[in-house]
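Shown next: start-v3.txt, given as compact mmCIF, C-alpha atoms.
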```txt
# COMPACT_ATOMS: atom_id res chain seq x y z
CA MET A 1 0.00 0.00 0.00
CA HIS A 2 2.88 2.37 0.66
CA ILE A 3 3.99 4.89 -1.95
CA PRO A 4 7.24 4.08 -3.79
CA ASP A 5 10.11 6.53 -4.24
CA GLY A 6 9.80 8.77 -7.29
CA PHE A 7 6.03 9.21 -7.24
CA LEU A 8 5.98 12.32 -5.04
CA ALA A 9 7.89 15.57 -5.48
CA PRO A 10 9.79 17.32 -2.66
CA THR A 11 6.92 19.85 -2.49
CA ILE A 12 4.98 17.10 -0.67
CA THR A 13 7.70 14.89 0.80
CA LEU A 14 9.63 17.65 2.60
CA PRO A 15 6.58 19.15 4.39
CA ALA A 16 5.58 15.59 5.34
CA TYR A 17 9.00 15.11 6.97
CA ALA A 18 8.52 18.45 8.76
CA VAL A 19 5.20 17.22 10.18
CA ALA A 20 6.41 13.70 10.98
CA ALA A 21 9.72 14.60 12.68
CA PRO A 22 8.30 16.28 15.82
CA LEU A 23 5.70 13.51 16.08
CA TRP A 24 8.45 10.84 15.94
CA ILE A 25 10.33 12.64 18.74
CA ARG A 26 7.17 13.08 20.82
CA ALA A 27 6.09 9.45 20.36
CA ALA A 28 9.55 8.06 21.14
CA ARG A 29 9.91 10.23 24.28
CA ARG A 30 6.40 9.58 25.53
CA HIS A 31 6.24 5.82 25.12
CA PHE A 32 9.77 4.54 25.18
CA GLY A 33 10.93 6.47 28.22
CA PRO A 34 14.13 8.39 28.88
CA GLY A 35 16.26 5.28 29.68
CA GLN A 36 17.63 3.80 26.45
CA VAL A 37 18.29 0.43 28.05
CA GLU A 38 14.61 -0.18 28.73
CA ALA A 39 13.29 1.59 25.67
CA LEU A 40 15.41 0.29 22.80
CA PRO A 41 14.67 -3.43 23.10
CA ALA A 42 10.95 -2.68 23.34
CA VAL A 43 11.08 -0.58 20.16
CA GLY A 44 13.16 -3.22 18.38
CA ALA A 45 11.00 -6.15 19.44
CA LEU A 46 7.69 -4.47 18.56
CA THR A 47 9.08 -3.21 15.26
CA ALA A 48 10.14 -6.75 14.44
CA VAL A 49 6.60 -7.95 15.21
CA ALA A 50 5.14 -5.24 12.96
CA PHE A 51 7.61 -6.15 10.19
CA VAL A 52 6.93 -9.89 10.35
CA LEU A 53 3.17 -9.26 10.36
CA GLN A 54 3.55 -7.62 6.97
CA THR A 55 5.23 -10.72 5.60
CA LEU A 56 2.36 -13.02 6.63
CA MET A 57 0.48 -13.80 3.44
CA ILE A 58 -3.21 -14.75 3.68
CA PRO A 59 -4.75 -16.62 0.74
CA VAL A 60 -7.88 -14.91 -0.61
CA PRO A 61 -10.55 -16.38 -2.91
CA GLY A 62 -9.48 -16.27 -6.55
CA GLY A 63 -6.10 -17.93 -6.10
CA THR A 64 -4.22 -14.83 -4.97
CA SER A 65 -3.11 -13.63 -1.56
CA THR A 66 -2.87 -10.45 0.47
CA HIS A 67 -0.53 -9.39 3.25
CA LEU A 68 -1.49 -8.03 6.64
CA VAL A 69 -0.51 -4.56 7.89
CA GLY A 70 -0.95 -5.12 11.62
CA ALA A 71 -0.75 -1.41 12.54
CA SER A 72 -4.33 -1.45 13.87
CA LEU A 73 -3.56 -4.41 16.12
CA LEU A 74 -0.44 -2.70 17.45
CA ALA A 75 -2.51 0.43 18.16
CA ALA A 76 -5.24 -1.63 19.87
CA VAL A 77 -2.72 -3.43 22.06
CA ARG A 78 -0.08 -0.72 22.68
CA GLY A 79 -1.65 2.58 21.61
CA PRO A 80 -1.32 4.73 18.47
CA TRP A 81 2.02 6.37 19.33
CA VAL A 82 3.77 3.02 19.80
CA ALA A 83 2.25 1.89 16.50
CA PHE A 84 3.51 5.09 14.85
CA VAL A 85 7.13 4.64 16.00
CA CYS A 86 7.20 0.93 15.15
CA GLU A 87 5.53 1.28 11.74
CA SER A 88 7.89 4.15 10.88
CA LEU A 89 10.88 1.93 11.71
CA VAL A 90 9.36 -0.87 9.62
CA LEU A 91 9.07 1.53 6.68
CA LEU A 92 12.69 2.65 7.21
CA ILE A 93 13.94 -0.95 7.25
CA GLN A 94 11.88 -1.79 4.17
CA ALA A 95 13.33 1.24 2.36
CA LEU A 96 16.95 0.57 3.40
CA PHE A 97 17.18 -3.22 3.19
CA PHE A 98 14.34 -4.41 0.93
CA GLY A 99 13.79 -1.61 -1.60
CA ALA A 100 10.10 -1.24 -0.73
CA GLY A 101 8.67 2.25 -0.28
CA GLY A 102 11.57 4.66 -0.15
CA ILE A 103 13.50 7.25 1.78
CA THR A 104 11.99 10.39 0.19
CA VAL A 105 8.42 9.20 0.85
CA LEU A 106 9.12 7.92 4.38
CA GLY A 107 7.40 10.87 6.08
CA VAL A 108 4.25 10.55 3.96
CA ASN A 109 4.04 6.78 4.39
CA ALA A 110 4.67 7.00 8.12
CA LEU A 111 1.92 9.58 8.61
CA ALA A 112 -0.61 7.72 6.45
CA ILE A 113 0.09 4.10 7.43
CA GLY A 114 1.78 4.54 10.80
CA LEU A 115 -0.27 7.33 12.35
CA LEU A 116 -3.68 8.00 10.75
CA GLY A 117 -4.75 4.36 10.36
CA PRO A 118 -3.65 3.26 13.85
CA LEU A 119 -5.16 6.41 15.37
CA ALA A 120 -8.52 5.59 13.76
CA ALA A 121 -8.27 1.97 14.95
CA TRP A 122 -7.40 3.07 18.49
CA MET A 123 -10.38 5.48 18.55
CA VAL A 124 -12.72 2.71 17.40
CA MET A 125 -11.41 0.47 20.17
CA LYS A 126 -11.78 3.24 22.76
CA LEU A 127 -15.37 3.92 21.70
CA LEU A 128 -16.65 0.41 21.09
CA ALA A 129 -14.53 -2.09 23.06
CA GLY A 130 -16.67 -1.70 26.20
CA ARG A 131 -20.02 -2.26 24.48
CA PHE A 132 -19.05 -4.59 21.64
CA PRO A 133 -15.89 -6.42 22.76
CA LYS A 134 -15.99 -8.96 19.90
CA LEU A 135 -16.91 -6.58 17.07
CA ALA A 136 -14.65 -3.67 18.09
CA PRO A 137 -11.29 -5.26 17.03
CA PHE A 138 -12.79 -6.24 13.65
CA LEU A 139 -14.04 -2.70 13.04
CA ALA A 140 -10.74 -1.26 14.28
CA GLY A 141 -8.78 -3.39 11.79
CA TYR A 142 -11.20 -2.72 8.93
CA LEU A 143 -11.52 1.05 9.45
CA GLY A 144 -7.84 1.56 10.30
CA LEU A 145 -6.87 0.08 6.95
CA GLN A 146 -9.46 2.15 5.07
CA VAL A 147 -8.23 5.38 6.68
CA SER A 148 -4.62 4.58 5.70
CA THR A 149 -5.68 3.69 2.15
CA ILE A 150 -7.72 6.89 1.77
CA ALA A 151 -4.79 8.96 3.10
CA VAL A 152 -2.34 7.37 0.63
CA ALA A 153 -4.80 7.82 -2.27
CA ALA A 154 -5.44 11.45 -1.25
CA VAL A 155 -1.71 12.27 -1.23
CA LEU A 156 -1.26 10.70 -4.67
CA GLY A 157 -4.32 12.65 -5.87
CA LEU A 158 -2.84 15.85 -4.46
CA GLN A 159 0.44 15.19 -6.32
CA HIS A 160 -1.46 14.74 -9.59
CA ALA A 161 -3.40 17.96 -8.96
CA LEU A 162 -0.21 19.91 -8.17
CA ASP A 163 1.86 18.54 -11.06
CA PRO A 164 0.38 16.03 -13.56
CA ILE A 165 3.78 15.63 -15.21
CA GLN A 166 5.27 14.38 -11.93
CA LEU A 167 2.44 11.85 -11.48
CA PRO A 168 0.22 11.26 -14.54
CA THR A 169 -2.16 8.95 -12.63
CA PRO A 170 -5.40 10.86 -11.83
CA PHE A 171 -7.14 10.58 -8.45
CA SER A 172 -10.06 8.60 -9.92
CA VAL A 173 -7.68 5.83 -11.05
CA VAL A 174 -5.70 5.84 -7.81
CA ALA A 175 -8.85 5.80 -5.67
CA THR A 176 -10.48 2.99 -7.67
CA THR A 177 -7.31 0.88 -7.77
CA MET A 178 -6.66 1.25 -4.05
CA LEU A 179 -10.08 1.55 -2.44
CA VAL A 180 -12.03 -1.19 -4.24
CA PRO A 181 -9.73 -4.08 -3.15
CA SER A 182 -9.29 -2.46 0.26
CA LEU A 183 -13.03 -2.08 0.91
CA LEU A 184 -14.03 -5.46 -0.52
CA VAL A 185 -11.17 -7.82 0.39
CA THR A 186 -8.14 -6.53 2.28
CA GLY A 187 -10.19 -4.62 4.87
CA PHE A 188 -12.17 -7.73 5.82
CA VAL A 189 -8.98 -9.81 5.99
CA GLU A 190 -7.29 -7.22 8.21
CA GLY A 191 -10.43 -6.87 10.37
CA LEU A 192 -10.82 -10.63 10.90
CA TYR A 193 -7.12 -11.05 11.60
CA THR A 194 -7.17 -8.16 14.13
CA MET A 195 -10.20 -9.75 15.79
CA PHE A 196 -8.55 -13.21 16.04
CA ALA A 197 -5.20 -11.84 17.25
CA PHE A 198 -6.76 -9.45 19.78
CA ARG A 199 -8.99 -12.21 21.15
CA ILE A 200 -6.02 -14.55 21.71
CA PHE A 201 -3.89 -11.74 23.14
CA ALA A 202 -6.75 -10.75 25.49
CA ARG A 203 -7.08 -14.37 26.62
CA LEU A 204 -3.34 -14.52 27.36
CA HIS A 205 -3.01 -11.13 29.02
CA GLY A 206 -6.55 -10.29 30.20
CA LYS A 207 -6.65 -7.15 28.04
CA THR A 208 -10.00 -6.14 26.47
CA SER A 209 -9.46 -2.49 25.51
CA PRO A 210 -6.49 -0.21 24.65
CA MET B 211 35.70 -3.50 0.39
CA LYS B 212 32.75 -1.39 1.51
CA LEU B 213 32.97 2.31 2.37
CA GLN B 214 33.40 2.83 6.09
CA GLY B 215 33.34 5.56 8.74
CA ARG B 216 33.32 9.16 7.57
CA THR B 217 33.47 8.25 3.85
CA ALA B 218 30.39 6.07 4.29
CA ARG B 219 28.56 8.89 6.08
CA PHE B 220 29.38 11.30 3.23
CA ALA B 221 28.13 8.69 0.74
CA LEU B 222 24.85 8.37 2.69
CA LEU B 223 24.48 12.16 2.84
CA GLY B 224 25.12 12.38 -0.90
CA TRP B 225 22.58 9.61 -1.47
CA LEU B 226 19.92 11.49 0.55
CA ILE B 227 20.52 14.72 -1.38
CA ALA B 228 20.55 12.81 -4.69
CA CYS B 229 17.26 11.04 -3.85
CA PHE B 230 15.42 14.29 -3.13
CA THR B 231 16.97 15.92 -6.20
CA PHE B 232 16.06 13.01 -8.50
CA SER B 233 12.51 12.98 -7.10
CA ALA B 234 12.04 16.57 -8.34
CA ILE B 235 13.24 15.90 -11.94
CA THR B 236 10.57 15.41 -14.60
CA ASP B 237 12.75 15.48 -17.73
CA PRO B 238 13.42 11.94 -19.03
CA ARG B 239 16.73 13.03 -20.60
CA LEU B 240 18.06 14.32 -17.28
CA LEU B 241 16.84 11.16 -15.53
CA SER B 242 18.57 8.97 -18.15
CA GLY B 243 21.74 10.97 -17.52
CA GLY B 244 21.28 10.30 -13.80
CA VAL B 245 21.14 6.55 -14.45
CA VAL B 246 24.41 6.74 -16.40
CA VAL B 247 26.11 8.84 -13.69
CA VAL B 248 25.06 6.46 -10.88
CA ALA B 249 26.13 3.44 -12.97
CA VAL B 250 29.57 4.98 -13.59
CA VAL B 251 30.13 6.15 -10.00
CA PHE B 252 29.06 2.80 -8.52
CA ARG B 253 30.25 0.54 -11.36
CA GLY B 254 31.18 -2.24 -8.91
CA GLN B 255 27.58 -2.49 -7.67
CA ALA B 256 25.79 -1.43 -10.87
CA ALA B 257 24.81 -4.86 -12.22
CA ARG B 258 23.46 -6.19 -8.91
CA ALA B 259 21.77 -2.87 -8.08
CA ALA B 260 20.10 -2.78 -11.51
CA GLN B 261 18.84 -6.33 -11.04
CA ARG B 262 17.40 -5.52 -7.58
CA ALA B 263 15.86 -2.26 -8.84
CA LEU B 264 14.19 -4.08 -11.72
CA SER B 265 12.77 -6.77 -9.45
CA THR B 266 11.41 -4.36 -6.79
CA ALA B 267 10.56 -1.02 -8.42
CA ALA B 268 9.63 -2.12 -11.93
CA PRO B 269 6.57 -4.33 -11.18
CA VAL B 270 4.77 -1.69 -9.06
CA THR B 271 5.62 1.20 -11.37
CA LEU B 272 4.70 -0.68 -14.55
CA ALA B 273 1.39 -1.92 -13.07
CA ILE B 274 0.39 1.62 -12.07
CA LEU B 275 1.45 2.99 -15.45
CA ALA B 276 -0.53 0.29 -17.27
CA LEU B 277 -3.67 1.13 -15.28
CA THR B 278 -3.31 4.86 -15.94
CA TRP B 279 -2.62 4.19 -19.61
CA ALA B 280 -5.73 2.00 -19.89
CA HIS B 281 -7.84 4.64 -18.11
CA ALA B 282 -6.63 7.40 -20.46
CA TRP B 283 -7.13 5.25 -23.56
CA TRP B 284 -10.47 3.54 -22.88
CA ILE B 285 -12.34 5.84 -20.50
CA LEU B 286 -11.09 9.34 -21.28
CA HIS B 287 -10.43 8.52 -24.96
CA VAL B 288 -7.24 10.58 -24.97
CA SER B 289 -3.71 9.69 -25.97
CA PRO B 290 -1.56 9.08 -22.90
CA ASP B 291 1.27 11.55 -22.31
CA LEU B 292 4.34 9.43 -23.13
CA TYR B 293 6.70 12.03 -21.74
CA ALA B 294 5.20 11.93 -18.22
CA TYR B 295 5.01 8.12 -18.21
CA ALA B 296 8.62 7.74 -19.28
CA ALA B 297 9.70 10.25 -16.65
CA LEU B 298 7.82 8.47 -13.85
CA ALA B 299 9.16 5.03 -14.79
CA LEU B 300 12.70 6.37 -15.11
CA ARG B 301 12.48 8.34 -11.85
CA ALA B 302 11.20 5.37 -9.81
CA GLY B 303 13.82 3.11 -11.42
CA LEU B 304 16.65 5.60 -10.91
CA LEU B 305 15.82 6.13 -7.23
CA ALA B 306 15.70 2.37 -6.59
CA PHE B 307 18.92 1.86 -8.60
CA CYS B 308 20.71 4.67 -6.73
CA THR B 309 19.51 3.34 -3.33
CA PHE B 310 20.68 -0.23 -3.99
CA ALA B 311 23.99 0.95 -5.50
CA VAL B 312 24.81 3.21 -2.53
CA LEU B 313 23.66 0.74 0.13
CA GLY B 314 25.65 -2.00 -1.63
CA ALA B 315 28.79 0.14 -1.47
CA VAL B 316 28.39 1.37 2.11
CA ASP B 317 28.92 -0.45 5.40
CA LEU B 318 25.70 0.83 6.99
CA PHE B 319 26.55 -0.07 10.57
CA SER B 320 29.98 1.55 10.33
CA ALA B 321 28.34 4.68 8.91
CA LEU B 322 25.80 4.76 11.73
CA ALA B 323 28.42 4.26 14.46
CA PRO B 324 28.22 7.88 15.75
CA TRP B 325 24.50 7.28 16.47
CA PRO B 326 24.58 4.26 18.80
CA THR B 327 20.87 4.49 19.59
CA LEU B 328 19.88 4.04 15.96
CA SER B 329 22.50 1.31 15.46
CA ARG B 330 21.26 -0.64 18.48
CA VAL B 331 17.60 -0.33 17.44
CA LEU B 332 18.48 -1.61 13.96
CA VAL B 333 20.56 -4.51 15.32
CA VAL B 334 17.87 -5.55 17.82
CA THR B 335 15.13 -5.21 15.21
CA LEU B 336 16.95 -7.18 12.50
CA ALA B 337 17.83 -9.95 14.98
CA GLN B 338 14.24 -10.12 16.20
CA ILE B 339 12.91 -10.11 12.64
CA HIS B 340 15.02 -13.14 11.84
CA ALA B 341 13.77 -15.03 14.90
CA LEU B 342 10.12 -14.08 14.47
CA ARG B 343 10.15 -14.91 10.74
CA LEU B 344 11.34 -18.40 11.58
CA LEU B 345 8.53 -18.69 14.13
CA ALA B 346 5.91 -17.52 11.60
CA ARG B 347 7.25 -19.86 8.90
CA GLU B 348 7.31 -22.86 11.23
CA SER B 349 3.81 -22.06 12.45
CA TRP B 350 2.49 -21.94 8.85
CA LEU B 351 4.21 -25.24 8.00
CA GLY B 352 2.77 -26.73 11.19
CA LEU B 353 -0.75 -25.63 10.21
CA GLN B 354 -0.33 -27.15 6.73
CA SER B 355 0.91 -30.45 8.15
CA ARG B 356 -2.00 -30.68 10.63
CA LEU B 357 -4.70 -30.18 7.99
CA VAL B 358 -5.57 -32.88 5.49
CA ARG B 359 -7.03 -30.24 3.11
CA LYS B 360 -5.58 -26.98 1.82
CA PRO B 361 -5.78 -24.20 4.49
CA THR B 362 -8.75 -21.86 3.89
CA VAL B 363 -8.81 -18.09 4.41
CA ARG B 364 -10.30 -18.65 7.87
CA ASP B 365 -7.57 -21.16 8.77
CA GLY B 366 -4.92 -18.72 7.58
CA LEU B 367 -6.39 -15.83 9.54
CA ALA B 368 -6.88 -17.84 12.75
CA ASN B 369 -3.30 -19.13 12.47
CA ALA B 370 -1.97 -15.60 11.80
CA GLY B 371 -3.91 -14.36 14.85
CA GLY B 372 -2.39 -17.09 17.02
CA VAL B 373 1.13 -16.44 15.73
CA THR B 374 0.72 -12.70 16.30
CA ALA B 375 -0.41 -13.14 19.89
CA THR B 376 2.58 -15.45 20.44
CA MET B 377 4.94 -12.94 18.77
CA LEU B 378 3.64 -10.07 20.91
CA THR B 379 4.15 -12.14 24.08
CA LEU B 380 7.56 -13.34 22.91
CA SER B 381 8.71 -9.86 21.92
CA THR B 382 7.83 -8.50 25.38
CA ARG B 383 9.88 -11.28 26.98
CA ASN B 384 12.75 -10.81 24.52
CA ALA B 385 12.75 -7.04 25.12
CA ARG B 386 13.10 -7.66 28.87
CA GLU B 387 15.96 -10.12 28.33
CA ILE B 388 17.79 -7.82 25.90
CA SER B 389 17.48 -4.84 28.25
CA GLU B 390 18.90 -6.94 31.12
CA ALA B 391 21.75 -8.11 28.86
CA LEU B 392 22.49 -4.50 27.82
CA ARG B 393 22.45 -3.37 31.46
CA SER B 394 24.83 -6.18 32.49
CA ARG B 395 27.26 -4.97 29.80
CA GLY B 396 27.28 -1.44 31.17
CA PHE B 397 24.89 0.33 28.75
```
Could you write out this structure as structure tokens?
Amino acid sequence: MHIPDGFLAPTITLPAYAVAAPLWIRAARRHFGPGQVEALPAVGALTAVAFVLQTLMIPVPGGTSTHLVGASLLAAVRGPWVAFVCESLVLLIQALFFGAGGITVLGVNALAIGLLGPLAAWMVMKLLAGRFPKLAPFLAGYLGLQVSTIAVAAVLGLQHALDPIQLPTPFSVVATTMLVPSLLVTGFVEGLYTMFAFRIFARLHGKTSP
Amino acid sequence: MKLQGRTARFALLGWLIACFTFSAITDPRLLSGGVVVVAVVFRGQAARAAQRALSTAAPVTLAILALTWAHAWWILHVSPDLYAYAALALRAGLLAFCTFAVLGAVDLFSALAPWPTLSRVLVVTLAQIHALRLLARESWLGLQSRLVRKPTVRDGLANAGGVTATMLTLSTRNAREISEALRSRGF
């Protein structure tokens, strides 16, 4: 889902870095404490979980497969700021070691996939986990993914509106290509997976809301 | 021999500046020139970097370009702008090529040595990724061997949920052990 390098101009990527940087600092200070010794392993371990989640392929009808994002689950279990830091590190590792995404678009991808989606998922859990404990994780996973997808599509649409030569793909094509599979297939897969994982995690740790 | 220390840091800085500069170029001729320059500067890594760039950046870029092309041709009934398409494909390819060439030539951990926090996070994360990937792979193979039929979507999701809960529990325990190990070594 994340945007590859070369699709966005610095007119979008640099302001995105300017917005993301203070949020990275705030999130790291708030949730990973002042002591490096305690904080670093937690960041590393949770980032590794987030990374491996994105390599888990789930077969979908039609003979193809989709991969999980897991940011909503991380937000439901640990909160949106932890999800933001860990997903940002996942995106950095993917850009540096695996050639997925990219370094210029890191700020945009981190805000869309690491912050907005998990924030939406966390809010759904906060609002609904008390009344609908079984349904809330599903909705958190489903809506979190949709929010991230809409954010990514909106940024690509903005780039086309600002400079069609930089990105010739119009918003209608981007939105259709990204939102249709997300609304009809990937969202349900992510929602069901979040529900299953949260249920097992709650059984192990007695946790029912973020 | 990979670039180390200060030279590696300069190479990474140059790579960052080059990436942002390339991402602003929309002229296919300039982008083609960029490909040649990167290939000459990093001639030792050029072949492998080109291969990796083609296998990672090309499929996504070409799929998106094909969709946009089809939309312009069949729905809008207009001729697609070849210039913009060529520029986008070249730009995405050049950025991937440049990234793989530079990272192939640089010893990343030596370059990041002045920032021990970042180095330690990367080391811990990469080590944990390796361990957790093995766990996920073994869990999937275990699920396949337990079922007499092919795993369904529901089986896959339930298994992924179980593995995730295990990974979250394991990562908490690992984090505690690593922090104790770091403390015992004087960090």
Exercise: Ser349 in chain B partners within 8 Å, all atoms listed in the file, chain neighbours under 3 positions left out, as a PyMOL selection string: chain B and resi 345-346+352-353+369+373
Based on the selection just made, write C-alpha atoms of those residues as a CSV table (one decimal), keeping the file's coordinate frame.
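Result file is out-v5.csv:
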```csv
chain,number,residue,atom,x,y,z
B,345,LEU,CA,8.5,-18.7,14.1
B,346,ALA,CA,5.9,-17.5,11.6
B,352,GLY,CA,2.8,-26.7,11.2
B,353,LEU,CA,-0.8,-25.6,10.2
B,369,ASN,CA,-3.3,-19.1,12.5
B,373,VAL,CA,1.1,-16.4,15.7
```
Determine which residues of chain A sit within 7 Å of chain B, taking into account all atoms listed in the file, and present them as a short mmCIF file (atom, residue, chain, number, x, y, z; two decimals) with C-alpha atoms, in the frame of the given file.
```cif
data_model
loop_
_atom_site.label_atom_id
_atom_site.label_comp_id
_atom_site.auth_asym_id
_atom_site.auth_seq_id
_atom_site.Cartn_x
_atom_site.Cartn_y
_atom_site.Cartn_z
CA ASP A 5 10.11 6.53 -4.24
CA GLY A 6 9.80 8.77 -7.29
CA PHE A 7 6.03 9.21 -7.24
CA LEU A 8 5.98 12.32 -5.04
CA ALA A 9 7.89 15.57 -5.48
CA PRO A 10 9.79 17.32 -2.66
CA VAL A 37 18.29 0.43 28.05
CA GLU A 38 14.61 -0.18 28.73
CA LEU A 40 15.41 0.29 22.80
CA PRO A 41 14.67 -3.43 23.10
CA ALA A 42 10.95 -2.68 23.34
CA GLY A 44 13.16 -3.22 18.38
CA ALA A 45 11.00 -6.15 19.44
CA LEU A 46 7.69 -4.47 18.56
CA THR A 47 9.08 -3.21 15.26
CA ALA A 48 10.14 -6.75 14.44
CA VAL A 49 6.60 -7.95 15.21
CA VAL A 52 6.93 -9.89 10.35
CA ILE A 58 -3.21 -14.75 3.68
CA PRO A 59 -4.75 -16.62 0.74
CA VAL A 60 -7.88 -14.91 -0.61
CA GLY A 99 13.79 -1.61 -1.60
CA ALA A 100 10.10 -1.24 -0.73
CA THR A 104 11.99 10.39 0.19
CA ILE A 165 3.78 15.63 -15.21
CA GLN A 166 5.27 14.38 -11.93
CA LEU A 167 2.44 11.85 -11.48
CA PRO A 168 0.22 11.26 -14.54
CA THR A 169 -2.16 8.95 -12.63
CA VAL A 173 -7.68 5.83 -11.05
CA LEU A 192 -10.82 -10.63 10.90
CA TYR A 193 -7.12 -11.05 11.60
CA PHE A 196 -8.55 -13.21 16.04
CA ALA A 197 -5.20 -11.84 17.25
CA ILE A 200 -6.02 -14.55 21.71
CA PHE A 201 -3.89 -11.74 23.14
#
```
Atom pair CA of Ala121 in chain A / CA of Gly144 in chain A: separation (Å):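 Between CA of Ala121 in chain A and CA of Gly144 in chain A the gap is 4.7 Å.
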Shortest interatomic distance to Leu213 in chain B - which of B:Val312, B:Leu272, B:Val245, B:Leu286, counting all atoms listed in the file: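 Counting all atoms listed in the file, the residue closest to Leu213 in chain B is B:Val312.
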Near-Leu145 in chain A list (10 Å; all atoms listed in the file; drop same-chain fewer than 6 positions) as a PyMOL selection string: chain A and resi 1+68-72+112-113+116-118+120-121+139+151+182-183+186-188+190-191
Residues near Met195 in chain A, cut-off 8 Å, only C-alpha atoms, skip fewer than 5 positions along chain, as a PDB file with C-alpha atoms, in the coordinates of the input:
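Dumped to part10.pdb:
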```
ATOM      1  CA  LYS A 134     -15.990  -8.960  19.900  1.00  0.00           C
ATOM      2  CA  LEU A 135     -16.910  -6.580  17.070  1.00  0.00           C
ATOM      3  CA  ALA A 136     -14.650  -3.670  18.090  1.00  0.00           C
ATOM      4  CA  PRO A 137     -11.290  -5.260  17.030  1.00  0.00           C
ATOM      5  CA  PHE A 138     -12.790  -6.240  13.650  1.00  0.00           C
ATOM      6  CA  GLY A 141      -8.780  -3.390  11.790  1.00  0.00           C
TER       7      GLY A 141
ATOM      8  CA  GLY B 371      -3.910 -14.360  14.850  1.00  0.00           C
TER       9      GLY B 371
END
```
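CA of Ala260 in chain B sits 24.5 Å away from CA of Asn109 in chain A.
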